[in-house]
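As provided, input_34.txt (compact mmCIF, C-alpha atoms) reads as follows.
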```txt
# COMPACT_ATOMS: atom_id res chain seq x y z
CA MET A 1 1.70 8.00 -2.91
CA THR A 2 4.79 7.10 -0.90
CA LEU A 3 8.15 6.18 -2.42
CA GLY A 4 7.43 2.49 -1.77
CA GLN A 5 4.05 2.65 -3.48
CA ARG A 6 5.59 4.32 -6.56
CA ILE A 7 8.26 1.60 -6.79
CA ALA A 8 5.59 -1.12 -6.51
CA GLN A 9 3.41 0.58 -9.15
CA LYS A 10 6.19 0.88 -11.72
CA ARG A 11 7.47 -2.64 -11.02
CA LYS A 12 4.04 -4.09 -11.79
CA GLU A 13 3.62 -1.95 -14.91
CA LEU A 14 6.82 -3.56 -16.22
CA GLY A 15 5.59 -7.04 -15.21
CA LEU A 16 8.54 -7.56 -12.86
CA SER A 17 8.46 -9.65 -9.68
CA GLN A 18 10.17 -8.37 -6.55
CA GLU A 19 12.89 -10.95 -7.12
CA GLY A 20 13.30 -9.91 -10.77
CA LEU A 21 13.68 -6.23 -9.86
CA GLY A 22 16.12 -7.17 -7.11
CA GLU A 23 18.30 -9.03 -9.63
CA GLN A 24 18.50 -5.93 -11.84
CA LEU A 25 19.52 -3.81 -8.84
CA GLY A 26 21.84 -6.35 -7.24
CA VAL A 27 19.76 -6.54 -4.04
CA SER A 28 17.63 -9.22 -2.39
CA ARG A 29 13.87 -9.66 -2.72
CA GLN A 30 13.71 -8.77 0.98
CA ALA A 31 15.18 -5.33 0.22
CA ILE A 32 12.58 -4.70 -2.51
CA TYR A 33 9.77 -5.80 -0.15
CA LYS A 34 11.00 -3.42 2.57
CA TRP A 35 11.26 -0.53 0.08
CA GLU A 36 7.73 -1.12 -1.19
CA SER A 37 6.35 -1.41 2.35
CA ASP A 38 8.20 1.83 3.35
CA ALA A 39 10.05 -0.09 6.08
CA SER A 40 13.37 1.18 4.64
CA LEU A 41 14.63 3.52 1.92
CA PRO A 42 16.86 2.67 -1.07
CA GLU A 43 20.29 4.25 -1.26
CA ILE A 44 20.92 7.15 -3.65
CA ASP A 45 22.64 4.98 -6.28
CA LYS A 46 19.74 2.51 -6.15
CA LEU A 47 17.25 5.37 -6.56
CA ILE A 48 19.10 6.54 -9.67
CA THR A 49 19.12 3.00 -11.09
CA LEU A 50 15.40 2.63 -10.30
CA SER A 51 14.67 5.86 -12.17
CA LYS A 52 16.48 4.48 -15.25
CA ILE A 53 14.71 1.11 -15.08
CA PHE A 54 11.29 2.77 -14.72
CA SER A 55 12.10 5.62 -17.19
CA VAL A 56 11.07 8.24 -14.63
CA SER A 57 12.97 10.91 -12.74
CA VAL A 58 14.29 10.53 -9.21
CA GLY A 59 12.10 13.49 -8.32
CA TRP A 60 8.99 11.60 -9.40
CA LEU A 61 9.99 8.57 -7.32
CA LEU A 62 10.42 10.84 -4.30
CA GLY A 63 7.06 12.51 -4.97
CA VAL A 64 8.44 16.03 -5.54
CA GLU A 65 7.34 16.32 -9.18
CA GLU A 66 4.56 15.11 -11.42
CA ALA A 67 4.87 11.97 -13.55
CA PRO A 68 6.69 12.76 -16.82
CA SER A 69 4.99 12.47 -20.17
CA PRO A 70 6.27 9.64 -22.41
CA ALA A 71 9.73 10.41 -23.77
CA GLU A 72 10.08 11.49 -27.43
CA PRO A 73 12.06 9.13 -29.72
CA PRO A 74 15.65 9.96 -30.60
CA SER A 75 16.28 12.61 -33.23
CA GLY A 76 16.39 11.28 -36.76
CA GLU A 77 13.02 9.50 -37.03
CA LEU A 78 9.36 10.52 -36.80
CA THR A 79 6.99 9.06 -34.25
CA GLU A 80 3.83 7.21 -35.27
CA ALA A 81 1.78 10.26 -34.29
CA GLN A 82 3.96 12.54 -36.44
CA LEU A 83 3.65 10.20 -39.44
CA GLN A 84 -0.11 10.13 -39.04
CA MET A 85 -0.11 13.95 -38.95
CA VAL A 86 1.83 14.10 -42.24
CA GLN A 87 -0.48 11.51 -43.84
CA GLU A 88 -3.53 13.48 -42.77
CA ILE A 89 -2.10 16.69 -44.31
CA VAL A 90 -1.42 14.87 -47.60
CA ASP A 91 -4.92 13.34 -47.67
CA ARG A 92 -6.60 16.67 -47.00
CA TYR A 93 -4.53 18.40 -49.67
CA LEU A 94 -5.34 15.82 -52.34
CA ALA A 95 -9.02 15.74 -51.40
CA ALA A 96 -9.25 19.50 -51.93
CA GLN A 97 -8.07 19.28 -55.57
CA PRO A 98 -10.61 19.42 -58.54
CA LYS A 99 -11.89 15.96 -59.48
CA GLN A 100 -11.93 16.41 -63.31
CA ALA A 101 -8.79 18.47 -63.98
CA PRO A 102 -6.89 17.78 -67.25
CA LEU A 103 -4.20 15.12 -67.10
CA LYS A 104 -1.24 17.49 -67.45
CA ARG A 105 -2.77 19.82 -64.92
CA ARG A 106 -3.37 16.97 -62.52
CA LYS A 107 0.24 15.86 -62.91
CA LEU A 108 1.42 19.40 -62.27
CA VAL A 109 -0.84 19.73 -59.23
CA ARG A 110 0.38 16.42 -57.85
CA LEU A 111 3.99 17.41 -58.43
CA CYS A 112 3.47 20.74 -56.66
CA GLY A 113 1.54 19.00 -53.89
CA ALA A 114 4.29 16.45 -53.39
CA ALA A 115 6.86 19.24 -53.25
CA ALA A 116 4.74 21.13 -50.72
CA VAL A 117 4.26 18.02 -48.58
CA LEU A 118 7.99 17.25 -48.75
CA ALA A 119 8.78 20.78 -47.64
CA LEU A 120 6.25 20.45 -44.81
CA VAL A 121 7.74 17.13 -43.73
CA VAL A 122 11.24 18.65 -43.68
CA ALA A 123 9.94 21.62 -41.68
CA LEU A 124 8.16 19.34 -39.20
CA PHE A 125 11.22 17.12 -38.88
CA ASN A 126 13.42 20.15 -38.15
CA LEU A 127 10.87 21.41 -35.64
CA PHE A 128 10.67 18.07 -33.81
CA SER A 129 14.48 17.81 -33.82
CA LYS A 130 14.74 21.24 -32.20
CA LEU A 131 12.11 20.25 -29.64
CA ASP A 132 14.14 17.12 -28.89
CA ARG A 133 17.25 19.23 -28.29
CA VAL A 134 15.32 21.65 -26.09
CA THR A 135 13.91 18.72 -24.07
CA GLN A 136 17.37 17.20 -23.68
CA ASP A 137 18.83 20.55 -22.60
CA TYR A 138 15.98 20.96 -20.11
CA ASN A 139 16.53 17.48 -18.68
CA ASN A 140 20.27 18.08 -18.40
CA LEU A 141 19.59 21.38 -16.63
CA ARG A 142 17.18 19.70 -14.19
CA TYR A 143 19.75 16.98 -13.52
CA SER A 144 22.40 19.62 -12.78
CA VAL A 145 20.02 21.53 -10.52
CA ASP A 146 19.17 18.30 -8.67
CA ASN A 147 22.86 17.56 -8.16
CA VAL A 148 23.51 21.07 -6.83
CA SER A 149 20.45 20.83 -4.58
CA ASN A 150 21.55 17.46 -3.20
CA SER A 151 25.05 18.78 -2.57
CA VAL A 152 23.74 21.87 -0.77
CA ASN A 153 21.31 19.79 1.32
CA SER A 154 24.11 17.42 2.26
CA GLN A 155 26.32 20.31 3.36
CA ILE A 156 23.46 21.89 5.33
CA ASN A 157 22.74 18.59 7.08
CA SER A 158 26.41 18.14 7.91
CA ILE A 159 26.67 21.67 9.32
CA THR A 160 23.44 21.23 11.29
CA TYR A 161 24.72 17.98 12.78
CA ARG A 162 27.99 19.60 13.87
CA VAL A 163 26.19 22.61 15.37
CA GLU A 164 23.82 20.34 17.28
CA ASN A 165 26.74 18.37 18.70
CA ILE A 166 28.53 21.57 19.75
CA LEU A 167 25.39 22.90 21.45
CA LYS A 168 24.80 19.58 23.20
CA SER A 169 28.38 19.57 24.45
CA GLN A 170 28.14 23.15 25.72
CA ASN A 171 24.79 22.59 27.44
CA SER A 172 25.51 19.11 28.77
CA LEU A 173 25.24 18.52 32.50
CA THR A 174 27.33 15.37 32.25
CA ALA A 175 31.02 14.73 31.78
CA GLU A 176 30.14 11.31 30.40
CA TYR A 177 27.22 8.90 30.29
CA SER A 178 26.20 5.57 28.82
CA THR A 179 22.96 3.66 28.28
CA GLU A 180 22.51 0.05 27.20
CA LEU A 181 19.57 -2.23 26.63
CA ALA A 182 20.29 -4.94 29.21
CA SER A 183 17.38 -7.29 28.54
CA THR A 184 13.76 -7.66 27.47
CA ASP A 185 11.08 -9.76 29.12
CA LEU A 186 8.54 -10.63 26.43
CA GLY A 187 6.25 -12.38 28.90
CA ALA A 188 6.00 -9.21 31.02
CA ASN A 189 6.48 -7.03 27.92
CA THR A 190 9.20 -4.94 29.59
CA ALA A 191 12.66 -3.61 28.73
CA THR A 192 15.52 -3.08 31.19
CA PHE A 193 18.33 -0.54 30.66
CA ASP A 194 21.71 -0.07 32.35
CA ILE A 195 22.48 3.64 32.84
CA ARG A 196 25.66 5.33 34.09
CA VAL A 197 26.03 9.12 34.46
CA VAL A 198 29.00 11.19 35.63
CA PRO A 199 28.02 14.84 36.34
CA LYS A 200 30.16 17.56 34.82
CA THR A 201 30.07 19.38 38.18
CA TYR A 202 29.44 17.34 41.32
CA VAL A 203 28.16 19.00 44.50
CA ASP A 204 28.01 17.29 47.91
CA GLY A 205 24.54 15.97 48.56
CA MET A 206 23.70 15.67 44.86
CA THR A 207 21.38 12.81 43.86
CA ALA A 208 20.04 11.64 40.52
CA LEU A 209 16.74 10.45 39.16
CA PHE A 210 16.75 8.17 36.10
CA VAL A 211 13.55 8.59 34.05
CA ALA A 212 12.25 6.24 31.33
CA ARG A 213 9.29 7.49 29.27
CA SER A 214 7.70 4.64 27.34
CA GLU A 215 4.95 6.17 25.18
CA GLU A 216 2.23 7.07 27.72
CA GLU A 217 3.93 5.65 30.84
CA THR A 218 6.79 7.14 32.90
CA VAL A 219 9.06 5.20 35.27
CA GLU A 220 11.48 6.88 37.73
CA LEU A 221 14.46 5.41 39.59
CA PRO A 222 16.22 7.43 42.39
CA VAL A 223 20.01 6.86 42.40
CA ALA A 224 22.69 7.76 44.95
CA PRO A 225 26.27 8.64 43.90
CA GLY A 226 28.84 5.88 43.83
CA GLU A 227 32.55 5.67 43.17
CA ASP A 228 33.97 8.73 41.35
CA HIS A 229 30.63 10.48 41.94
CA ALA A 230 29.08 8.35 39.20
CA PHE A 231 25.37 7.47 39.25
CA SER A 232 24.60 3.94 38.08
CA GLY A 233 21.40 1.94 38.01
CA GLU A 234 19.08 -0.42 36.20
CA ILE A 235 15.64 0.83 35.17
CA THR A 236 12.75 -1.23 33.78
CA CYS A 237 9.84 0.13 31.74
CA PRO A 238 7.13 -1.16 29.37
CA LEU A 239 8.48 -2.47 26.06
CA THR A 240 7.22 -0.13 23.30
CA ASP A 241 8.48 1.39 20.06
CA ASP A 242 9.18 4.82 21.63
CA ILE A 243 11.34 4.87 24.78
CA SER A 244 13.25 7.97 25.96
CA LEU A 245 15.82 7.94 28.78
CA THR A 246 16.73 11.08 30.79
CA VAL A 247 18.51 11.90 34.03
CA VAL A 248 17.49 14.58 36.56
CA LEU A 249 20.35 15.88 38.74
CA VAL A 250 19.00 17.12 42.08
CA THR A 251 20.90 19.50 44.37
CA GLY A 252 18.71 20.78 47.21
CA ASP A 253 15.75 22.43 45.53
CA LYS A 254 17.52 22.65 42.18
CA ARG A 255 16.59 20.11 39.50
CA GLU A 256 18.39 19.93 36.13
CA THR A 257 17.34 17.52 33.37
CA GLN A 258 19.61 15.99 30.74
CA TRP A 259 18.38 13.86 27.82
CA LEU A 260 20.40 10.65 27.42
CA GLU A 261 19.08 8.38 24.65
CA ASP A 262 16.01 7.40 22.60
CA TYR A 263 15.20 3.80 21.68
CA GLY A 264 12.79 3.09 18.83
CA TYR A 265 11.06 -0.02 17.46
CA LEU A 266 12.09 -2.32 20.30
CA TYR A 267 8.57 -3.73 20.53
CA SER A 268 8.21 -4.29 16.76
CA GLY A 269 11.72 -5.72 16.66
CA SER A 270 10.76 -8.37 19.20
CA PHE A 271 8.49 -10.00 16.57
CA PRO A 272 9.73 -12.12 13.65
CA ASP A 273 10.29 -10.37 10.31
CA LEU A 274 7.44 -11.93 8.37
CA SER A 275 5.96 -11.33 4.93
CA LEU A 276 2.66 -12.53 3.47
CA ASP A 277 2.73 -13.46 -0.21
CA GLY A 278 -0.84 -12.33 -0.99
CA ARG A 279 -2.85 -13.04 -4.14
CA LEU A 280 -5.60 -10.39 -4.27
CA TRP A 281 -4.14 -8.20 -7.01
CA PHE A 282 -3.21 -11.21 -9.19
CA ASP A 283 -6.66 -12.74 -8.78
CA MET A 284 -8.61 -9.55 -9.61
CA VAL A 285 -6.51 -7.42 -11.97
CA HIS A 286 -7.83 -9.06 -15.17
CA ARG A 287 -11.39 -9.71 -14.03
CA LYS A 288 -14.30 -7.70 -15.43
CA ASP A 289 -16.61 -8.49 -12.50
CA ASN A 290 -16.38 -8.10 -8.72
CA LEU A 291 -16.19 -11.80 -7.93
CA LEU A 292 -13.05 -12.84 -6.03
CA PRO A 293 -12.55 -16.54 -6.81
CA ALA A 294 -11.55 -19.26 -4.40
CA SER A 295 -7.78 -19.76 -4.25
CA GLN A 296 -5.97 -21.37 -7.14
CA ALA A 297 -2.38 -22.64 -6.99
CA PRO A 298 0.11 -21.34 -6.04
CA TRP A 299 -1.11 -21.06 -2.48
CA ILE A 300 -0.49 -18.13 -0.17
CA GLN A 301 2.66 -18.62 1.92
CA VAL A 302 4.21 -16.92 4.94
CA GLU A 303 7.89 -16.02 4.65
CA ASN A 304 10.34 -15.35 7.50
CA TYR A 305 13.31 -13.12 6.63
CA GLY A 306 14.98 -13.23 10.03
CA GLU A 307 14.87 -16.94 10.80
CA GLU A 308 18.18 -18.46 11.81
CA GLY A 309 19.84 -19.96 8.77
CA GLY A 310 18.61 -17.26 6.40
CA TYR A 311 15.55 -16.33 4.42
CA ARG A 312 12.79 -18.97 4.20
CA PRO A 313 11.06 -18.45 0.84
CA TRP A 314 9.09 -21.71 0.75
CA GLY A 315 6.61 -21.31 3.59
CA TRP A 316 7.00 -20.87 7.35
CA ARG A 317 5.11 -21.85 10.47
CA PRO A 318 6.01 -20.75 14.03
CA GLU A 319 6.86 -23.13 16.82
CA PRO A 320 3.85 -23.79 19.10
CA PRO A 321 2.31 -22.27 21.12
CA ALA A 322 2.84 -19.33 18.72
CA THR A 323 0.26 -19.29 15.91
CA VAL A 324 -0.32 -17.73 12.49
CA GLN A 325 -3.69 -16.91 10.92
CA VAL A 326 -4.34 -15.54 7.42
CA GLY A 327 -7.60 -13.86 6.46
CA LEU A 328 -9.46 -11.63 4.02
CA PHE A 329 -10.42 -8.18 5.37
CA GLN A 330 -12.85 -5.56 4.09
CA ASP A 331 -12.03 -2.06 5.38
CA GLN A 332 -9.99 -3.69 8.18
CA LYS A 333 -12.87 -5.96 9.22
CA LEU A 334 -12.61 -9.72 8.93
CA VAL A 335 -14.51 -11.32 6.05
CA MET A 336 -13.18 -14.86 6.54
CA TRP A 337 -10.17 -16.77 7.78
CA TYR A 338 -8.30 -18.83 5.22
CA GLU A 339 -7.73 -22.55 5.63
CA GLU A 340 -4.29 -24.05 6.21
CA LEU A 341 -2.97 -27.08 4.37
CA GLU A 342 0.25 -28.91 3.63
CA GLU A 343 1.55 -28.26 0.12
CA GLU A 344 3.92 -30.60 -1.68
CA ILE A 345 6.61 -28.75 -3.65
CA ASN A 346 10.06 -29.52 -5.07
CA ILE A 347 13.05 -27.61 -3.73
CA ASN A 348 16.18 -28.29 -5.78
CA GLY A 349 14.61 -31.54 -6.90
CA VAL A 350 13.77 -32.67 -3.36
CA PRO A 351 10.05 -33.20 -2.53
CA THR A 352 9.22 -30.99 0.46
CA THR A 353 6.06 -30.35 2.48
CA VAL A 354 5.42 -26.71 3.45
CA PRO A 355 2.48 -24.95 5.12
CA ALA A 356 0.23 -22.75 2.98
CA TRP A 357 -3.13 -21.00 3.25
CA PHE A 358 -5.94 -20.79 0.73
CA ARG A 359 -9.24 -18.98 0.22
CA PRO A 360 -11.93 -21.67 0.60
CA ARG A 361 -14.76 -19.91 -1.24
CA GLU A 362 -15.47 -17.07 -3.68
CA VAL A 363 -16.48 -13.62 -2.42
CA GLU A 364 -18.50 -10.81 -4.03
CA LEU A 365 -16.44 -7.63 -3.51
CA ASP A 366 -17.94 -4.20 -2.81
CA PRO A 367 -16.42 -1.59 -5.20
CA ASN A 368 -16.69 1.03 -2.42
CA SER A 369 -14.41 -0.90 -0.05
CA VAL A 370 -10.71 -1.70 0.30
CA TYR A 371 -9.77 -5.37 0.61
CA SER A 372 -6.57 -6.88 1.98
CA GLU A 373 -5.13 -10.24 2.92
CA VAL A 374 -3.67 -10.02 6.41
CA LEU A 375 -1.43 -12.20 8.55
CA LEU A 376 -2.14 -12.24 12.31
CA TYR A 377 0.80 -13.54 14.35
CA THR A 378 0.31 -14.46 18.03
CA ASP A 379 3.47 -15.27 19.97
CA ALA A 380 3.94 -17.65 22.89
CA TYR A 381 3.06 -14.85 25.35
CA GLY A 382 -0.21 -13.89 23.69
CA ARG A 383 1.16 -10.73 22.09
CA GLN A 384 -0.16 -10.08 18.58
CA ARG A 385 1.03 -8.26 15.48
CA VAL A 386 -0.58 -7.68 12.08
CA TYR A 387 1.36 -8.08 8.83
CA GLY A 388 -0.47 -6.63 5.83
CA SER A 389 0.02 -7.61 2.22
CA GLU A 390 -0.91 -5.56 -0.84
CA ALA A 391 -4.53 -4.37 -0.73
CA ILE A 392 -6.87 -3.70 -3.64
CA ALA A 393 -9.52 -1.06 -4.33
CA TYR A 394 -11.80 -0.49 -7.31
CA ASP A 395 -10.63 2.24 -9.71
CA ALA A 396 -13.80 3.61 -11.30
CA GLY A 397 -11.77 5.66 -13.80
CA GLU A 398 -10.03 2.59 -15.21
CA GLY A 399 -12.94 0.26 -14.57
CA ARG A 400 -10.89 -2.37 -12.77
CA TRP A 401 -9.46 -3.39 -9.40
CA SER A 402 -5.97 -2.07 -8.69
CA SER A 403 -3.46 -2.08 -5.84
CA SER A 404 -3.99 0.14 -2.80
CA PRO A 405 -1.51 0.60 0.09
CA VAL A 406 -2.39 -1.33 3.24
CA HIS A 407 0.69 -0.33 5.24
CA ASP A 408 -0.91 2.95 6.38
CA TYR A 409 -3.38 0.89 8.44
CA GLY A 410 -0.64 -0.03 10.91
CA GLU A 411 0.48 -3.23 12.57
CA ASP A 412 -1.47 -2.78 15.82
CA PRO A 413 -4.20 -5.45 16.13
CA ALA A 414 -6.35 -2.79 17.84
CA ASP A 415 -6.74 -1.14 14.39
CA TRP A 416 -8.37 -4.31 13.01
CA THR A 417 -11.64 -6.12 13.75
CA PHE A 418 -11.27 -9.89 13.97
```

Can the structure from this file be put into structure tokens for me?
Amino acid sequence: MTLGQRIAQKRKELGLSQEGLGEQLGVSRQAIYKWESDASLPEIDKLITLSKIFSVSVGWLLGVEEAPSPAEPPSGELTEAQLQMVQEIVDRYLAAQPKQAPLKRRKLVRLCGAAAVLALVVALFNLFSKLDRVTQDYNNLRYSVDNVSNSVNSQINSITYRVENILKSQNSLTAEYSTELASTDLGANTATFDIRVVPKTYVDGMTALFVARSEEETVELPVAPGEDHAFSGEITCPLTDDISLTVVLVTGDKRETQWLEDYGYLYSGSFPDLSLDGRLWFDMVHRKDNLLPASQAPWIQVENYGEEGGYRPWGWRPEPPATVQVGLFQDQKLVMWYEELEEEININGVPTTVPAWFRPREVELDPNSVYSEVLLYTDAYGRQRVYGSEAIAYDAGEGRWSSSPVHDYGEDPADWTF
């Protein structure tokens, strides 16, 4: 499991909503959603707080160690299991005594038995207390080792960063350079960059070639020197989530290449930051059969975190001609589209109408498949993006439906069958 999946699992085990967990951490529900969807990572202090809330180690949250066994109670009292053990010893001892022994003998036997049991209880108590201290010492040692490891890793990363900068400076072909995203054309799905490069050593007759690699496509722009021997130009390439800009300095037959800048997630960032408040896990977690019922209130709503004016928690619909569709998918294949309606709710005592989607009929689920509720957004230019909510899969070991990550499926509509 990823860090986000572990946070989501523990949150649900504690019966916390994303908003409730966010209140304990002093962060927004949006931050919790992004952690659980692996879109961002919590800071170190938040990780430590999460580990305390969930009663697990930071290492377990990060996936570098196995889940801990339940913690022993504080020293000074026996657990239920320990008390049962003592009771069982007493019962077995008394059962082994002769049934018809004389009264005085029985009293003596009982007295001796009680003394023996008391001694055993004291011995067990001392043993469990020592085990508690050993466990605490072990946990303290692990915590110290983790702190040392984190400190060493931080120093190594800092040194590596400085060495990389020194090497880049020594090997650089440029005295200075700059790149800037000038504009994006969503209709043409392109990005335009302003680039300026000043060579470290200029030679008469030198020219430059600006190169933009956008995933599988490469665009080149020849540039002549300008004032102060600087090369400037504007290059346009397909808008994707992986764009790399380089310059090739050409002197006669000699060509030297210098990396300039990488741009990531420009395509994904051109879509609204939406979230689908799905219902699959809530509708199936307590059911003993495989029948997914038709929707019951509350309805499924789409939320927009980036809309101007702040987070919209009460339902969102795009401006036409952009559209939103919500559907049920089995192994990334459409089972049915949900129906849209207008829901009447109260916001701060004010009756408000918001859009919502609901499942119009019940569905028999296949225990060998993974099911998810998915939001398909189509913008005004016909570009599409998939937003997945929490998926469910049947856990044969537990005999019930449980959550399963859908984020690994990706946001590319080409990965889904509509």

Practice prompt. Could you tell me which of A:Ala188, A:Val203, A:Ala391, A:Leu47 comes closest to Ser369 (chain A) if we count all atoms listed in the file?
Written response: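 Among the listed residues, A:Ala391 lies closest to Ser369 (chain A).
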
Discussion item. Taking 3 positions as the minimum chain separation for residues in the same chain, which residues sit within 12 Å of region 175-185 of chain A when counting only C-alpha atoms? Answer as a count of residues only.
Written reply: 52

Practice prompt. Could you tell me how far CA of Leu3 (chain A) lies from CA of His286 (chain A), in Å and to one decimal?
Written response: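 Computed distance, CA of Leu3 (chain A) to CA of His286 (chain A), equals 25.5 Å.
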
Fill in: Of the listed residues A:Val302, A:Ala208, A:Val354, A:Met336, that which approaches Tyr387 (chain A) most closely, counting only C-alpha atoms
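Smallest separation from Tyr387 (chain A) among the options: A:Val302.
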
Fill in: Contacts of Leu276 (chain A) at 10 Å (all atoms listed in the file; same-chain gap of 3+ positions) as a count of residues only
15

Worksheet entry | Distance of CA of Lys10 (chain A) from CA of Ser55 (chain A), expressed in Å to one decimal place |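 These atoms are spaced 9.3 Å apart.
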
Worksheet item: Which of these, A:Ser268, A:Ser57, A:Thr251, A:Thr2, has the shortest distance to Asp204 (chain A) once you count only C-alpha atoms?
Response: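 Result for the nearest residue to Asp204 (chain A): A:Thr251.
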
Worksheet item: Quick one: distance from CA of Val370 (chain A) to CA of Leu16 (chain A) in Å, one decimal?
Response: 24.0 Å

Write out as a PDB file with C-alpha atoms, keeping the file's coordinate frame which residues come within 12 Å of Arg317 (chain A) when counting only C-alpha atoms, dropping same-chain ones fewer than 5 positions away.
```
ATOM      1  CA  PRO A 272       9.730 -12.120  13.650  1.00  0.00           C
ATOM      2  CA  LEU A 274       7.440 -11.930   8.370  1.00  0.00           C
ATOM      3  CA  SER A 275       5.960 -11.330   4.930  1.00  0.00           C
ATOM      4  CA  LEU A 276       2.660 -12.530   3.470  1.00  0.00           C
ATOM      5  CA  GLN A 301       2.660 -18.620   1.920  1.00  0.00           C
ATOM      6  CA  VAL A 302       4.210 -16.920   4.940  1.00  0.00           C
ATOM      7  CA  GLU A 303       7.890 -16.020   4.650  1.00  0.00           C
ATOM      8  CA  ASN A 304      10.340 -15.350   7.500  1.00  0.00           C
ATOM      9  CA  GLU A 307      14.870 -16.940  10.800  1.00  0.00           C
ATOM     10  CA  ARG A 312      12.790 -18.970   4.200  1.00  0.00           C
ATOM     11  CA  ALA A 322       2.840 -19.330  18.720  1.00  0.00           C
ATOM     12  CA  THR A 323       0.260 -19.290  15.910  1.00  0.00           C
ATOM     13  CA  VAL A 324      -0.320 -17.730  12.490  1.00  0.00           C
ATOM     14  CA  GLN A 325      -3.690 -16.910  10.920  1.00  0.00           C
ATOM     15  CA  VAL A 326      -4.340 -15.540   7.420  1.00  0.00           C
ATOM     16  CA  GLU A 340      -4.290 -24.050   6.210  1.00  0.00           C
ATOM     17  CA  LEU A 341      -2.970 -27.080   4.370  1.00  0.00           C
ATOM     18  CA  GLU A 342       0.250 -28.910   3.630  1.00  0.00           C
ATOM     19  CA  THR A 353       6.060 -30.350   2.480  1.00  0.00           C
ATOM     20  CA  VAL A 354       5.420 -26.710   3.450  1.00  0.00           C
ATOM     21  CA  PRO A 355       2.480 -24.950   5.120  1.00  0.00           C
ATOM     22  CA  ALA A 356       0.230 -22.750   2.980  1.00  0.00           C
ATOM     23  CA  TRP A 357      -3.130 -21.000   3.250  1.00  0.00           C
ATOM     24  CA  LEU A 375      -1.430 -12.200   8.550  1.00  0.00           C
ATOM     25  CA  TYR A 377       0.800 -13.540  14.350  1.00  0.00           C
ATOM     26  CA  THR A 378       0.310 -14.460  18.030  1.00  0.00           C
ATOM     27  CA  ASP A 379       3.470 -15.270  19.970  1.00  0.00           C
TER      28      ASP A 379
END
```

Practice prompt. Kindly indicate which residue among A:Val350, A:Gly226, A:Leu334, A:Arg142 lies nearest to Gly59 (chain A), using all atoms listed in the file for the distances.
Written response: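 Residue with the minimum atom-to-atom distance to Gly59 (chain A): A:Arg142.
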
Item to complete: Tell me which protein, DNA and RNA residues are within 7 Å of Ala294 (chain A), counting only C-alpha atoms, leaving out same-chain ones fewer than 3 positions away, and put them as a list of chain:residue names.
Response: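 Selected residues are A:Arg359, A:Pro360, A:Arg361, A:Glu362.
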
Item to complete: Return the single residue from A:Pro367, A:Gly63, A:Gly22, A:Pro351 that is closest to Gln5 (chain A), with distances computed using all atoms listed in the file.
Response: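 Nearest candidate to Gln5 (chain A) out of A:Pro367, A:Gly63, A:Gly22, A:Pro351: A:Gly63.
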
Discussion item. Here's a test: counting all atoms listed in the file, identify every protein, DNA and RNA residue with an atom at most 12 Å from (-3.9, -7.8, 22.1) in the file's coordinate frame, and state them as a list of chain:residue names.
Written reply: A:Asn189, A:Leu376, A:Tyr377, A:Thr378, A:Asp379, A:Tyr381, A:Gly382, A:Arg383, A:Gln384, A:Arg385, A:Val386, A:Glu411, A:Asp412, A:Pro413, A:Ala414, A:Asp415, A:Trp416, A:Thr417, A:Phe418
